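Asks: Below is the file work-v8.cif, which contains mmCIF, C-alpha atoms.
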data_coords
#
loop_
_atom_site.label_atom_id
_atom_site.label_comp_id
_atom_site.auth_asym_id
_atom_site.auth_seq_id
_atom_site.Cartn_x
_atom_site.Cartn_y
_atom_site.Cartn_z
CA MET A 1 -59.86 79.01 129.64
CA ILE A 2 -58.30 75.70 130.50
CA TRP A 3 -58.22 72.59 128.36
CA THR A 4 -61.10 70.85 130.17
CA ASP A 5 -63.39 73.71 129.18
CA VAL A 6 -62.30 73.35 125.58
CA LEU A 7 -62.92 69.61 125.81
CA VAL A 8 -66.40 70.13 127.29
CA CYS A 9 -67.24 72.69 124.60
CA ALA A 10 -66.08 70.36 121.84
CA LEU A 11 -68.04 67.42 123.31
CA MET A 12 -71.09 69.66 123.66
CA ILE A 13 -71.02 70.76 120.05
CA ALA A 14 -70.43 67.20 118.88
CA GLY A 15 -73.27 65.93 121.07
CA ALA A 16 -75.66 68.59 119.80
CA VAL A 17 -74.82 67.87 116.16
CA VAL A 18 -75.21 64.12 116.66
CA ALA A 19 -78.53 64.69 118.46
CA VAL A 20 -79.82 66.43 115.36
CA VAL A 21 -78.48 63.89 112.90
CA VAL A 22 -79.09 60.61 114.71
CA ARG A 23 -82.15 58.60 113.64
CA SER A 24 -83.11 57.10 116.99
CA ILE A 25 -85.21 59.56 119.03
CA LEU A 26 -84.13 57.87 122.25
CA SER A 27 -80.46 58.58 121.53
CA ALA A 28 -81.30 62.17 120.60
CA VAL A 29 -83.12 62.72 123.92
CA ILE A 30 -80.24 61.27 125.92
CA LEU A 31 -77.74 63.38 123.98
CA VAL A 32 -79.72 66.55 124.62
CA GLY A 33 -79.67 65.70 128.32
CA VAL A 34 -75.89 65.21 128.22
CA VAL A 35 -75.44 68.53 126.38
CA SER A 36 -77.58 70.17 129.05
CA LEU A 37 -75.37 68.74 131.79
CA MET A 38 -72.27 70.10 130.07
CA VAL A 39 -73.92 73.51 129.75
CA ALA A 40 -74.53 73.33 133.51
CA TYR A 41 -70.82 72.67 134.05
CA LEU A 42 -69.92 75.66 131.87
CA PHE A 43 -72.35 77.89 133.80
CA LEU A 44 -70.64 76.78 137.00
CA ARG A 45 -67.22 77.55 135.52
CA MET A 46 -68.40 81.01 134.54
CA GLY A 47 -69.49 81.76 138.09
CA ALA A 48 -73.25 81.32 137.80
CA PRO A 49 -74.07 78.52 140.27
CA ASP A 50 -77.76 79.46 140.43
CA VAL A 51 -78.20 79.05 136.69
CA ALA A 52 -76.09 75.89 136.75
CA MET A 53 -78.37 74.32 139.36
CA THR A 54 -81.46 75.20 137.37
CA GLU A 55 -79.96 73.80 134.19
CA ALA A 56 -78.80 70.59 135.85
CA SER A 57 -82.01 69.88 137.74
CA ILE A 58 -84.58 71.01 135.18
CA GLY A 59 -82.73 70.90 131.85
CA ALA A 60 -80.70 67.75 132.34
CA ALA A 61 -82.90 65.74 134.69
CA LEU A 62 -86.58 66.59 134.53
CA SER A 63 -86.83 67.58 130.85
CA THR A 64 -85.03 64.41 129.79
CA VAL A 65 -87.33 62.30 131.94
CA ILE A 66 -90.44 64.05 130.59
CA PHE A 67 -89.22 63.46 127.03
CA LEU A 68 -88.55 59.81 127.87
CA ILE A 69 -92.01 59.33 129.37
CA ALA A 70 -93.62 60.97 126.34
CA LEU A 71 -91.51 58.77 124.07
CA ALA A 72 -92.52 55.63 125.93
CA ARG A 73 -96.19 56.57 125.67
CA THR A 74 -96.16 57.23 121.94
CA ARG A 75 -95.07 55.09 119.01
CA GLY A 76 -91.51 56.43 119.48
CA GLY A 77 -91.12 53.90 122.26
CA ALA A 78 -91.42 51.04 119.80
CA MET B 1 -85.68 74.31 96.78
CA ILE B 2 -87.35 77.42 98.14
CA GLY B 3 -87.15 75.97 101.67
CA ARG B 4 -83.41 75.48 101.27
CA ALA B 5 -82.99 79.07 100.06
CA VAL B 6 -84.94 80.34 103.06
CA THR B 7 -82.75 78.26 105.37
CA VAL B 8 -79.57 79.69 103.84
CA VAL B 9 -80.89 83.25 104.15
CA LEU B 10 -81.87 82.66 107.78
CA LEU B 11 -78.45 81.20 108.57
CA LEU B 12 -76.81 84.22 106.95
CA CYS B 13 -78.94 86.52 109.10
CA VAL B 14 -77.90 84.61 112.23
CA ALA B 15 -74.25 84.82 111.15
CA VAL B 16 -74.51 88.59 110.67
CA LEU B 17 -76.22 88.92 114.04
CA PHE B 18 -73.48 86.96 115.81
CA TRP B 19 -70.77 88.91 114.00
CA TYR B 20 -72.45 92.12 115.11
CA LEU B 21 -72.69 90.92 118.71
CA ALA B 22 -69.06 89.78 118.71
CA THR B 23 -67.75 93.07 117.33
CA VAL B 24 -69.87 95.28 119.56
CA GLY B 25 -68.73 93.25 122.55
CA THR B 26 -70.40 92.66 125.85
CA GLN B 27 -71.27 95.32 128.36
CA THR B 28 -68.51 95.56 130.93
CA GLU B 29 -69.90 98.28 133.18
CA LEU B 30 -73.05 98.19 135.23
CA GLY B 31 -75.96 100.34 134.14
CA SER B 32 -77.85 102.50 136.59
CA VAL B 33 -80.44 99.85 137.49
CA SER B 34 -78.02 96.91 137.77
CA GLY B 35 -75.57 99.13 139.61
CA HIS B 36 -78.23 99.89 142.17
CA TYR B 37 -79.01 96.17 142.56
CA VAL B 38 -75.37 95.25 143.08
CA GLU B 39 -74.43 98.13 145.35
CA ARG B 40 -77.56 98.45 147.44
CA GLY B 41 -78.94 94.88 147.26
CA VAL B 42 -77.12 93.61 150.33
CA VAL B 43 -77.91 96.74 152.32
CA GLU B 44 -81.58 96.81 151.38
CA ASN B 45 -82.36 93.12 151.72
CA ARG B 46 -79.62 91.62 153.96
CA GLY B 47 -79.56 88.61 151.69
CA SER B 48 -76.15 87.08 151.10
CA ASN B 49 -77.20 85.75 147.69
CA LEU B 50 -77.59 88.72 145.42
CA VAL B 51 -79.27 86.66 142.70
CA THR B 52 -82.05 85.74 145.11
CA SER B 53 -82.58 89.31 146.20
CA VAL B 54 -82.99 90.29 142.56
CA VAL B 55 -85.23 87.36 141.66
CA VAL B 56 -87.51 87.48 144.68
CA ASN B 57 -87.47 91.12 145.69
CA TYR B 58 -86.58 93.51 142.88
CA ARG B 59 -88.10 91.28 140.20
CA GLY B 60 -90.62 89.59 142.47
CA LEU B 61 -93.53 90.28 140.16
CA ASP B 62 -91.73 88.46 137.31
CA THR B 63 -91.24 85.49 139.60
CA LEU B 64 -94.96 85.47 140.41
CA GLY B 65 -95.57 85.41 136.66
CA GLU B 66 -93.12 82.53 136.18
CA VAL B 67 -94.82 80.51 138.89
CA THR B 68 -98.16 81.18 137.19
CA VAL B 69 -96.77 79.99 133.83
CA LEU B 70 -95.57 76.76 135.42
CA PHE B 71 -98.95 76.26 137.10
CA LEU B 72 -100.82 76.81 133.85
CA SER B 73 -98.62 74.40 131.89
CA VAL B 74 -98.99 71.67 134.51
CA ALA B 75 -102.74 72.26 134.56
CA GLY B 76 -102.78 72.00 130.76
CA VAL B 77 -100.91 68.69 130.77
CA ALA B 78 -103.22 67.28 133.43
CA PHE B 79 -106.29 68.47 131.51
CA VAL B 80 -105.18 66.93 128.19
CA LEU B 81 -104.18 63.59 129.68
CA ARG B 82 -107.32 63.28 131.78
CA ARG B 83 -109.47 63.98 128.75
CA ARG B 84 -107.77 61.30 126.73
CA ARG B 85 -108.13 58.78 129.48
CA ARG B 86 -111.87 59.26 129.63
CA GLY B 87 -112.13 59.27 125.83
CA GLU B 88 -111.41 56.41 123.56
CA GLY B 89 -108.18 55.66 125.39
CA ASP B 90 -105.70 55.34 122.55
CA ALA B 91 -103.20 57.70 124.19
CA GLY B 92 -100.29 55.48 123.29
CA GLY B 93 -101.65 52.68 125.41
CA THR B 94 -99.23 50.19 123.96
CA ASP B 95 -97.78 47.35 125.95
CA ARG B 96 -94.47 49.19 126.05
CA GLY B 97 -96.00 52.12 127.93
CA PRO B 98 -94.43 52.88 131.29
CA GLY B 99 -97.52 51.70 133.12
CA ALA B 100 -97.43 48.23 131.69
CA ALA B 101 -93.68 47.73 132.07
CA ALA B 102 -92.12 45.07 134.26
CA PRO B 103 -91.55 45.93 137.95
CA ALA B 104 -88.45 47.97 138.70
CA SER B 105 -85.18 46.17 139.30
CA GLU B 106 -83.77 45.43 142.75
CA LEU B 107 -81.14 48.12 142.17
CA VAL B 108 -83.69 50.87 141.54
CA GLN B 109 -85.87 49.81 144.46
CA THR B 110 -82.99 49.68 146.95
CA GLY B 111 -81.50 52.89 145.61
CA ALA B 112 -84.82 54.66 145.89
CA ARG B 113 -85.24 53.47 149.47
CA LEU B 114 -81.81 54.86 150.34
CA LEU B 115 -81.91 58.08 148.34
CA VAL B 116 -85.44 59.49 148.47
CA GLY B 117 -85.10 60.82 152.03
CA PRO B 118 -81.76 62.60 151.51
CA MET B 119 -82.95 63.96 148.15
CA ILE B 120 -86.06 65.55 149.63
CA LEU B 121 -83.96 66.88 152.51
CA TYR B 122 -81.47 68.37 150.05
CA GLY B 123 -84.22 70.00 148.01
CA VAL B 124 -85.73 71.52 151.14
CA TYR B 125 -82.26 72.69 152.19
CA ILE B 126 -81.78 74.39 148.82
CA PHE B 127 -84.96 76.40 149.01
CA VAL B 128 -84.79 77.19 152.72
CA HIS B 129 -81.25 78.54 152.26
CA GLY B 130 -82.10 80.27 148.99
CA HIS B 131 -81.20 83.70 150.35
CA LEU B 132 -77.79 82.53 151.61
CA THR B 133 -76.43 80.01 149.13
CA PRO B 134 -76.86 79.49 145.37
CA GLY B 135 -80.21 78.03 144.42
CA GLY B 136 -83.70 78.72 145.58
CA GLY B 137 -87.32 77.79 145.16
CA PHE B 138 -87.20 76.56 141.58
CA GLN B 139 -84.05 74.48 141.98
CA GLY B 140 -85.09 73.06 145.34
CA GLY B 141 -88.55 72.25 144.03
CA ALA B 142 -87.04 70.45 141.04
CA VAL B 143 -84.83 68.36 143.34
CA VAL B 144 -87.87 67.42 145.46
CA ALA B 145 -89.72 66.46 142.28
CA SER B 146 -86.76 64.27 141.21
CA ALA B 147 -87.06 62.44 144.52
CA VAL B 148 -90.75 61.83 143.83
CA LEU B 149 -89.82 60.63 140.35
CA LEU B 150 -87.41 58.09 141.84
CA LEU B 151 -90.19 56.95 144.16
CA LEU B 152 -92.53 56.48 141.20
CA LEU B 153 -89.88 54.67 139.15
CA ALA B 154 -89.17 52.26 141.97
CA ASP B 155 -92.81 51.43 142.63
CA ARG B 156 -95.24 52.16 139.81
CA LYS B 157 -98.24 51.24 141.90
CA ARG B 158 -97.50 53.81 144.55
CA GLU B 159 -100.29 56.29 145.11
CA LEU B 160 -99.20 59.84 145.78
CA PRO B 161 -101.24 61.88 148.27
CA HIS B 162 -103.02 63.96 145.63
CA GLY B 163 -105.24 65.82 148.07
CA LEU B 164 -102.29 66.91 150.19
CA MET B 165 -100.27 67.88 147.12
CA SER B 166 -103.00 70.03 145.65
CA TRP B 167 -103.56 71.71 149.02
CA VAL B 168 -99.83 72.45 149.39
CA GLU B 169 -99.74 73.76 145.84
CA SER B 170 -102.78 76.01 146.18
CA LEU B 171 -101.92 77.31 149.63
CA SER B 172 -98.34 78.18 148.70
CA GLY B 173 -99.49 80.01 145.56
CA PHE B 174 -102.09 81.82 147.63
CA GLY B 175 -99.47 82.59 150.27
CA PHE B 176 -97.20 84.19 147.67
CA VAL B 177 -99.95 86.62 146.69
CA VAL B 178 -100.90 87.25 150.33
CA VAL B 179 -97.27 88.08 151.16
CA GLY B 180 -97.22 90.46 148.21
CA LEU B 181 -100.41 92.16 149.36
CA LEU B 182 -98.96 92.36 152.88
CA GLY B 183 -96.10 94.36 151.40
CA LEU B 184 -98.63 96.57 149.65
CA ALA B 185 -100.49 97.18 152.91
CA VAL B 186 -97.51 97.64 155.25
CA ALA B 187 -94.69 99.04 153.14
CA GLY B 188 -96.60 100.62 150.27
CA SER B 189 -95.65 98.46 147.30
CA PHE B 190 -96.52 94.96 146.10
CA LEU B 191 -94.00 92.36 147.32
CA ALA B 192 -92.10 95.01 149.27
CA ASN B 193 -89.46 93.54 151.54
CA ARG B 194 -88.65 96.32 153.99
CA GLY B 195 -90.82 96.80 157.02
CA VAL B 196 -92.92 93.64 156.83
CA LEU B 197 -90.54 91.34 158.65
CA PRO B 198 -87.37 92.41 160.48
CA LEU B 199 -84.40 92.13 158.15
CA GLY B 200 -82.29 90.34 160.75
CA THR B 201 -78.55 89.80 160.75
CA TRP B 202 -76.74 89.43 157.46
CA ASN B 203 -75.76 85.85 156.57
CA ARG B 204 -78.03 84.22 159.14
CA LEU B 205 -80.86 81.80 158.32
CA PHE B 206 -83.47 84.19 159.72
CA SER B 207 -82.57 87.24 157.72
CA ALA B 208 -83.48 89.04 154.51
CA GLY B 209 -87.04 89.73 155.59
CA LEU B 210 -89.65 88.08 153.39
CA ILE B 211 -87.25 86.55 150.87
CA PRO B 212 -86.87 83.16 152.62
CA VAL B 213 -90.63 83.01 153.24
CA ILE B 214 -91.38 83.58 149.56
CA TYR B 215 -88.72 81.11 148.45
CA VAL B 216 -90.07 78.40 150.76
CA LEU B 217 -93.53 78.99 149.27
CA ILE B 218 -92.12 78.84 145.72
CA GLY B 219 -90.17 75.69 146.57
CA LEU B 220 -93.26 73.92 147.89
CA LYS B 221 -95.32 75.06 144.92
CA VAL B 222 -92.80 74.08 142.25
CA GLY B 223 -92.05 70.77 143.96
CA SER B 224 -95.68 69.72 144.22
CA GLU B 225 -96.47 70.95 140.68
CA LEU B 226 -93.59 69.10 139.04
CA ALA B 227 -94.31 65.97 141.06
CA ALA B 228 -97.95 66.12 139.97
CA LEU B 229 -96.84 66.63 136.37
CA LEU B 230 -94.60 63.55 136.44
CA ASP B 231 -97.33 61.53 138.14
CA VAL B 232 -99.94 62.53 135.56
CA MET B 233 -97.59 61.77 132.68
CA MET B 234 -96.63 58.36 134.03
CA ARG B 235 -100.06 57.42 135.34
CA GLY B 236 -102.30 58.84 132.62
CA GLY B 237 -101.16 56.19 130.15
CA GLU B 238 -101.71 53.41 132.60
CA GLN B 239 -105.41 54.16 132.84
CA ALA B 240 -105.60 54.48 129.08
CA ALA B 241 -103.97 51.09 128.67
CA ALA B 242 -106.45 49.57 131.09
CA VAL B 243 -109.33 51.06 129.12
CA SER B 244 -108.03 49.85 125.78
CA HIS B 245 -107.46 46.37 127.19
CA GLY B 246 -111.07 46.36 128.31
CA ASP B 247 -112.38 46.32 124.75
CA ALA B 248 -109.36 44.32 123.66
CA GLY B 249 -110.42 43.24 120.20
CA ALA B 250 -111.42 46.47 118.52
CA SER B 251 -108.78 48.78 119.92
CA THR B 252 -105.92 46.33 119.37
CA VAL B 253 -106.89 45.84 115.76
CA ARG B 254 -107.26 49.54 115.26
CA HIS B 255 -103.92 50.18 116.88
CA GLU B 256 -102.13 47.56 114.78
CA SER B 257 -103.62 48.87 111.60
CA ARG B 258 -102.52 52.37 112.53
CA VAL B 259 -98.96 51.17 113.16
CA ASP B 260 -98.94 49.25 109.89
CA ARG B 261 -100.19 52.22 107.96
CA GLU B 262 -97.61 54.50 109.54
CA SER B 263 -94.74 52.13 108.86
CA ARG B 264 -95.90 51.77 105.28
CA GLU B 265 -96.03 55.53 104.90
CA ARG B 266 -92.61 55.91 106.39
CA GLY B 267 -91.29 53.23 104.08
CA GLY B 268 -92.86 54.97 101.10
CA SER B 269 -91.45 58.36 101.91
CA ARG B 270 -87.90 57.08 102.21
#
Could you show the structure in this file as structure tokens?
Replies:
Amino acid sequence: MIWTDVLVCALMIAGAVVAVVVRSILSAVILVGVVSLMVAYLFLRMGAPDVAMTEASIGAALSTVIFLIALARTRGGA
Amino acid sequence: MIGRAVTVVLLLCVAVLFWYLATVGTQTELGSVSGHYVERGVVENRGSNLVTSVVVNYRGLDTLGEVTVLFLSVAGVAFVLRRRRRGEGDAGGTDRGPGAAAPASELVQTGARLLVGPMILYGVYIFVHGHLTPGGGFQGGAVVASAVLLLLLADRKRELPHGLMSWVESLSGFGFVVVGLLGLAVAGSFLANRGVLPLGTWNRLFSAGLIPVIYVLIGLKVGSELAALLDVMMRGGEQAAAVSHGDAGASTVRHESRVDRESRERGGSR
């Protein structure tokens, strides 16, 4: 384990905790997307490129966008 | 108080579980089934990507189930949003909805014009080469759907070819089942890979028998489903907004009063 992995893990945990605590739903959604992207990086580092691609394309991109659309269409977008 | 106690107990249970998992350790040797997959997978399927040969061949029935789950969830979203549109039309039809937003910026429009083609090409590449390189139908389909999303973000008025998309979606789902039944008829088991198509040379594009065929079908299906999902989610509100603007007075007043009430309740609970 090299120091970038440790850094990514620390950022991931921090991002996840902040996503739970933060009041703004928009920030929480973005943070969850960022955490997802870091998970994808970790999957890649652990030799699972298939899972990393799924996580990056569906977890980080499409889920975030779907959350954002839902947020914009409900009172959360205010 | 009781909720907090339950939370603490649950957290303790999770801690014990993780401690147990950490002390027992992970499995370091292959079991009989996984050993067979790893040792015989390349010989039996001629697919360079072992993950694909597990996902599409050995666990092909699970993949058919996954595709069905995705189809049902997209159908559910479309059903709910259509219903709301035809109903009273208060599905969040605020002015801040994505449908009523200002046109996309120059940057997004130019970027979309440059990127949509390569993105679709890359998605197709991922699922066509699913048996050779990492990735496959689901990932490639998601990339294709992201390209469609960019298209929709750049031009909100753009009409997607719904008829074509639903045909592609239905035919690829149907094709998956037909390929499975072909295996049943020719090789004796559902979704069998040997004997239906020649296995070909290892590490070539035309190899691994039916695996690339199935992954292309899955890619088309997932891509069109996710694109339709994004389109319904972005477009459903637009129609609702149009409806609620039609009877402007009543619905606006109702909406404002709802917002006021909610903000008051939130203020009170704080």
Asks: Starting from the PyMOL selection byres ((chain A and resi 26) around 10), expand the selection into actual residues of this file and give them as a list of chain:residue names.
Replies: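 Output from the PyMOL selection byres ((chain A and resi 26) around 10), applied to this file: A:Ala19, A:Val22, A:Arg23, A:Ser24, A:Ile25, A:Ser27, A:Ala28, A:Val29, A:Ile30, A:Leu31, A:Phe67, A:Leu68, A:Leu71, A:Ala72, A:Gly76, A:Gly77.
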Asks: Taking only C-alpha atoms into account, name the residue in A:Val34, A:Val6, A:Met53, A:Ala60 that is nearest to chain B.
Replies: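 So, comparing all the options, the nearest one is A:Met53.
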Asks: What is the CA of Leu70 (chain B) to CA of Glu44 (chain B) distance in Å?
Replies: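 About the pair CA of Leu70 (chain B) and CA of Glu44 (chain B): they are 29.2 Å apart.
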Asks: Measure the distance from CA of Ile66 (chain A) to CA of Leu217 (chain B) in Å and round it to one decimal.
Replies: 24.1 Å
Asks: Using the chain letters and numbers from the file, give me the residues hit by the PyMOL selection byres ((chain A) within 9 of (chain B)), as an mmCIF file with C-alpha atoms, in the frame of the given file.
Replies:
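What landed in expr-v2.cif:
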data_model
loop_
_atom_site.group_PDB
_atom_site.id
_atom_site.type_symbol
_atom_site.label_atom_id
_atom_site.label_comp_id
_atom_site.auth_asym_id
_atom_site.auth_seq_id
_atom_site.Cartn_x
_atom_site.Cartn_y
_atom_site.Cartn_z
ATOM 1 C CA ALA A 48 -73.250 81.320 137.800
ATOM 2 C CA PRO A 49 -74.070 78.520 140.270
ATOM 3 C CA ASP A 50 -77.760 79.460 140.430
ATOM 4 C CA VAL A 51 -78.200 79.050 136.690
ATOM 5 C CA ALA A 52 -76.090 75.890 136.750
ATOM 6 C CA MET A 53 -78.370 74.320 139.360
ATOM 7 C CA THR A 54 -81.460 75.200 137.370
ATOM 8 C CA GLU A 55 -79.960 73.800 134.190
ATOM 9 C CA ALA A 56 -78.800 70.590 135.850
ATOM 10 C CA SER A 57 -82.010 69.880 137.740
ATOM 11 C CA ILE A 58 -84.580 71.010 135.180
ATOM 12 C CA ALA A 61 -82.900 65.740 134.690
ATOM 13 C CA LEU A 62 -86.580 66.590 134.530
ATOM 14 C CA VAL A 65 -87.330 62.300 131.940
ATOM 15 C CA ILE A 66 -90.440 64.050 130.590
ATOM 16 C CA ILE A 69 -92.010 59.330 129.370
ATOM 17 C CA ALA A 70 -93.620 60.970 126.340
ATOM 18 C CA LEU A 71 -91.510 58.770 124.070
ATOM 19 C CA ALA A 72 -92.520 55.630 125.930
ATOM 20 C CA ARG A 73 -96.190 56.570 125.670
ATOM 21 C CA THR A 74 -96.160 57.230 121.940
ATOM 22 C CA ARG A 75 -95.070 55.090 119.010
ATOM 23 C CA GLY A 77 -91.120 53.900 122.260
ATOM 24 C CA ALA A 78 -91.420 51.040 119.800
#
Asks: How far is it from CA of Leu153 (chain B) to CA of Val69 (chain B), in Å with one decimal?
Replies: 26.8 Å
Asks: Calculate, to one decimal in Å, the centre and edge lengths of the box along x, y and z of the file that holds all listed atoms of region 170-178 of chain B with 8 Å of margin on each side, and present them as lines of an AutoDock Vina configuration file.
Replies:
center_x = -100.0
center_y = 81.6
center_z = 147.9
size_x = 21.6
size_y = 27.2
size_z = 20.8
Asks: Run through the PyMOL selection byres ((chain B and resi 157-163) around 10) on the given coordinates and return the selected residues as a list in words.
Replies: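 Against this file, the PyMOL selection byres ((chain B and resi 157-163) around 10) returns the residues Gly99, Pro103, Val148, Leu151, Leu152, Leu153, Ala154, Asp155, Arg156, Leu164, Met165, Ser166, Trp167, Val168, Glu169, Ser224, Ala227, Ala228, Asp231 and Arg235 of chain B.
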Asks: Could you check the closest approach to Thr4 (chain A) for each of A:Thr64, A:Val17, A:Leu42, A:Ser36 and tell me which residue wins, using all atoms listed in the file?
Replies: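 Among A:Thr64, A:Val17, A:Leu42, A:Ser36, it is A:Leu42 that comes nearest to Thr4 (chain A).
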Asks: What's the 12 Å shell around Gly183 (chain B), counting all atoms listed in the file, without same-chain residues fewer than 2 positions away, as a list in words?
Replies: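 Within the cut-off, the hits are Asn57, Gly60, Phe176, Val177, Val178, Val179, Gly180, Leu181, Ala185, Val186, Ala187, Gly188, Ser189, Phe190, Leu191, Ala192, Asn193, Arg194, Gly195, Val196, Leu197, Gly209, Leu210, Ile211 and Ile214 of chain B.
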Asks: Write out as a list in words the residues lying within 12 Å of Val33 (chain B), counting only C-alpha atoms and excluding same-chain residues fewer than 4 positions away.
Replies: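 The residues satisfying every condition are Glu29, Tyr37, Val38, Glu39, Arg40, Gly41, Val54, Tyr58 and Arg59 of chain B.
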Asks: For Val8 (chain A), work out the shell of residues within 9 Å, counting all atoms listed in the file and skipping chain neighbours fewer than 5 positions away, then give it as a PDB file with C-alpha atoms, in the coordinates of the input.
Replies:
ATOM      1  CA  TRP A   3     -58.220  72.590 128.360  1.00  0.00           C
ATOM      2  CA  ILE A  13     -71.020  70.760 120.050  1.00  0.00           C
ATOM      3  CA  MET A  38     -72.270  70.100 130.070  1.00  0.00           C
ATOM      4  CA  VAL A  39     -73.920  73.510 129.750  1.00  0.00           C
ATOM      5  CA  TYR A  41     -70.820  72.670 134.050  1.00  0.00           C
ATOM      6  CA  LEU A  42     -69.920  75.660 131.870  1.00  0.00           C
TER       7      LEU A  42
END
